[in-house]
Amino acid sequence: MVTETTRRPTPIDNLPKAELHLHLEGAIRSQTAIQLAARHGVSLTPEDVAARYNYSDFRGFLETFKWVTSFLRDPEDYALITRILAEELVKQNVVYAEITISAGVMLRRTQNVEANFQAIREVAQSVPFSRLKTAWIFDATRQFGHDAAMEVARWATKLQSCGVVALGMGGDELAFPTVNFRPAFDYARQQGLHTVCHAGEIGGPDSVREAIELLGAERIGHGIAVMRDEALANSLATTGRVVLENCLTSNLSTGALAKQTGNPAATVSDHPLPKFLKLGLPVTLSTDDPGLFHTDLLSEYSHAASLGLSKEQLVQLAEQSFLAAFLAPEDKRQMLVDFRGAVKSAGLV
Ligand SMILES: [Zn+2]
């Protein structure tokens, strides 16, 4: 976890927060990777993990994700990483998290999705985390193809009554045409699930368009390619229906921002988040894979502040995560009341 000394505090630190784009497996910090490997008889040094957690492009990142998840073999492993993530979220005053689970990876490894999920849920709902409400997104892995995505949609449906709220898709955005995944997303929607999709992270603006038009995605993971397409940016701002889940450190770590800007030396100051807010696009802020990117939510707000966002814009950004949440209307209303009350008490309005 990022320490106090390495980041500047922001007015958001003490507010109740929601986080919507957060991968359970991507939250594995190096110490936990060592612990998981040890559980399966593999001895890793901090240097081994540091070498694996160091990549310069998106493919390198996917390789690391594959490597670290290879140590997730049974429900106890999933329980362990859930407990550590929940502790971190509570410390940061996160009161609601929609956590993405790579069900596609579990199925690929012929694991028992239901047993893993029950272990995850049991931990998340245990007493120490009573202040944290959680909901779950089952993610298909794009490069595994459309049949595998359909299988994830079926599992998400089956476990809907246990808190799965959406079908998502991540992995290699450039693998397979988007239209291939339409049946899986149509099925999920017909079954009452929400839908989200990573797009415009390393793919272009058309990838975002397709995720919305073909898959019906209600929220787009990243969507930073929208910065390259004024017409798309304007239409998203006008309708205000689709939310872009921005993750600043992630886009630097995976080289996604370098790719979108055509500048290999791109820094956080090149991120389109301020532009999106100025245009009136609904945007949220998240960590994506806090363990793999050595970040946390407080740091992401700190980075957002460093982009010149005003106090009001930071509050707006934090509020958007509640507005865009897949919560029941009554729960959403209550969380917004609490959030706005805290904003007021903190003298931020
Ligand atoms: Zn993601």
# chains A, B, ... in the order shown; residues from 1 in each chain; ligands from 1
>>> residues_near_ligand(ligand="ligand 1", cutoff="8 Å", atoms="only C-alpha atoms and all ligand atoms", output="PyMOL selection string")
chain A and resi 21-23+170+198+221-222+288-289
>>> residues_around(residues="segment 307-317 of chain A", least_positions_apart="2", cutoff="8 Å", atoms="only C-alpha atoms", output="MDAnalysis selection string")
chainID A and resid 11:12 268:269 274 277 283:285 301 303:305 319:321 343 348:349
>>> closest_residue(among="A:Gln191, A:Ser56, A:Thr141, A:Asn112", to="Arg154 of chain A", atoms="only C-alpha atoms")
A:Gln191
>>> closest_atom_pairs(of="segment 144-222 of chain A", to="segment 91-105 of chain A", cutoff="9 Å", atoms="only C-alpha atoms", output="Markdown table")
| residue | atom | partner | partner_atom | distance |
| --- | --- | --- | --- | --- |
| A:Phe144 | CA | A:Gly104 | CA | 7.8 |
| A:Ala148 | CA | A:Gly104 | CA | 6.8 |
| A:Ala149 | CA | A:Gly104 | CA | 7.0 |
| A:Glu151 | CA | A:Gly104 | CA | 8.0 |
| A:Val152 | CA | A:Gly104 | CA | 6.0 |
| A:Trp155 | CA | A:Ala103 | CA | 8.2 |
| A:Ala156 | CA | A:Ala103 | CA | 8.6 |
| A:Val165 | CA | A:Glu98 | CA | 8.5 |
| A:Gly168 | CA | A:Thr100 | CA | 7.9 |
| A:Met169 | CA | A:Ser102 | CA | 8.9 |
| A:Gly170 | CA | A:Ser102 | CA | 8.5 |
>>> residues_around(residues="Phe326 of chain A", least_positions_apart="5", cutoff="10 Å", atoms="only C-alpha atoms", output="PyMOL selection string")
chain A and resi 20+98+135-137+165-166+193-195+218+321+331-332
>>> write_last_selection(atoms="C-alpha atoms", output="PDB file, in the first residue's frame")
ATOM      1  CA  LEU A  20     -16.032   0.609  -9.228  1.00  0.00           C
ATOM      2  CA  GLU A  98     -17.716  -3.344  -7.072  1.00  0.00           C
ATOM      3  CA  ALA A 135     -20.848  -6.269  -5.174  1.00  0.00           C
ATOM      4  CA  TRP A 136     -19.189  -8.400  -7.809  1.00  0.00           C
ATOM      5  CA  ILE A 137     -18.520  -8.245 -11.517  1.00  0.00           C
ATOM      6  CA  VAL A 165     -24.273  -7.530 -10.440  1.00  0.00           C
ATOM      7  CA  ALA A 166     -22.616  -7.420 -13.851  1.00  0.00           C
ATOM      8  CA  LEU A 193     -27.300  -8.297 -15.110  1.00  0.00           C
ATOM      9  CA  HIS A 194     -25.562  -5.003 -15.838  1.00  0.00           C
ATOM     10  CA  THR A 195     -22.786  -4.928 -18.417  1.00  0.00           C
ATOM     11  CA  GLU A 218     -23.103   0.834 -19.368  1.00  0.00           C
ATOM     12  CA  SER A 321     -18.665   6.591  -8.294  1.00  0.00           C
ATOM     13  CA  ASP A 331     -29.057   1.804  -1.210  1.00  0.00           C
ATOM     14  CA  LYS A 332     -27.739   4.296  -3.731  1.00  0.00           C
TER      15      LYS A 332
END
>>> closest_residue(among="A:Ser30, A:Thr238, A:Thr110, A:Asn251", to="Gly223 of chain A", atoms="only C-alpha atoms")
A:Asn251
>>> residues_around(residues="segment 34-43 of chain A", least_positions_apart="5", cutoff="10 Å", atoms="only C-alpha atoms", output="PyMOL selection string")
chain A and resi 28-29+48-49+68-73+76-78+80-81
>>> write_last_selection(atoms="C-alpha atoms", output="PDB file, in the first residue's frame")
ATOM      1  CA  ILE A  28      -2.292  -8.884  -5.015  1.00  0.00           C
ATOM      2  CA  ARG A  29       0.706  -7.024  -3.604  1.00  0.00           C
ATOM      3  CA  ASP A  48      11.554 -12.354  -8.017  1.00  0.00           C
ATOM      4  CA  VAL A  49       8.224 -10.598  -7.616  1.00  0.00           C
ATOM      5  CA  VAL A  68       0.401 -14.019 -10.345  1.00  0.00           C
ATOM      6  CA  THR A  69      -3.017 -15.648 -10.792  1.00  0.00           C
ATOM      7  CA  SER A  70      -1.265 -19.001 -11.337  1.00  0.00           C
ATOM      8  CA  PHE A  71      -0.864 -19.061  -7.537  1.00  0.00           C
ATOM      9  CA  LEU A  72      -4.624 -18.778  -7.002  1.00  0.00           C
ATOM     10  CA  ARG A  73      -5.509 -22.442  -6.882  1.00  0.00           C
ATOM     11  CA  GLU A  76      -8.457 -20.421   0.558  1.00  0.00           C
ATOM     12  CA  ASP A  77      -6.206 -18.480  -1.815  1.00  0.00           C
ATOM     13  CA  TYR A  78      -9.143 -16.357  -2.898  1.00  0.00           C
ATOM     14  CA  LEU A  80      -6.719 -14.625   1.582  1.00  0.00           C
ATOM     15  CA  ILE A  81      -6.552 -12.005  -1.176  1.00  0.00           C
TER      16      ILE A  81
END
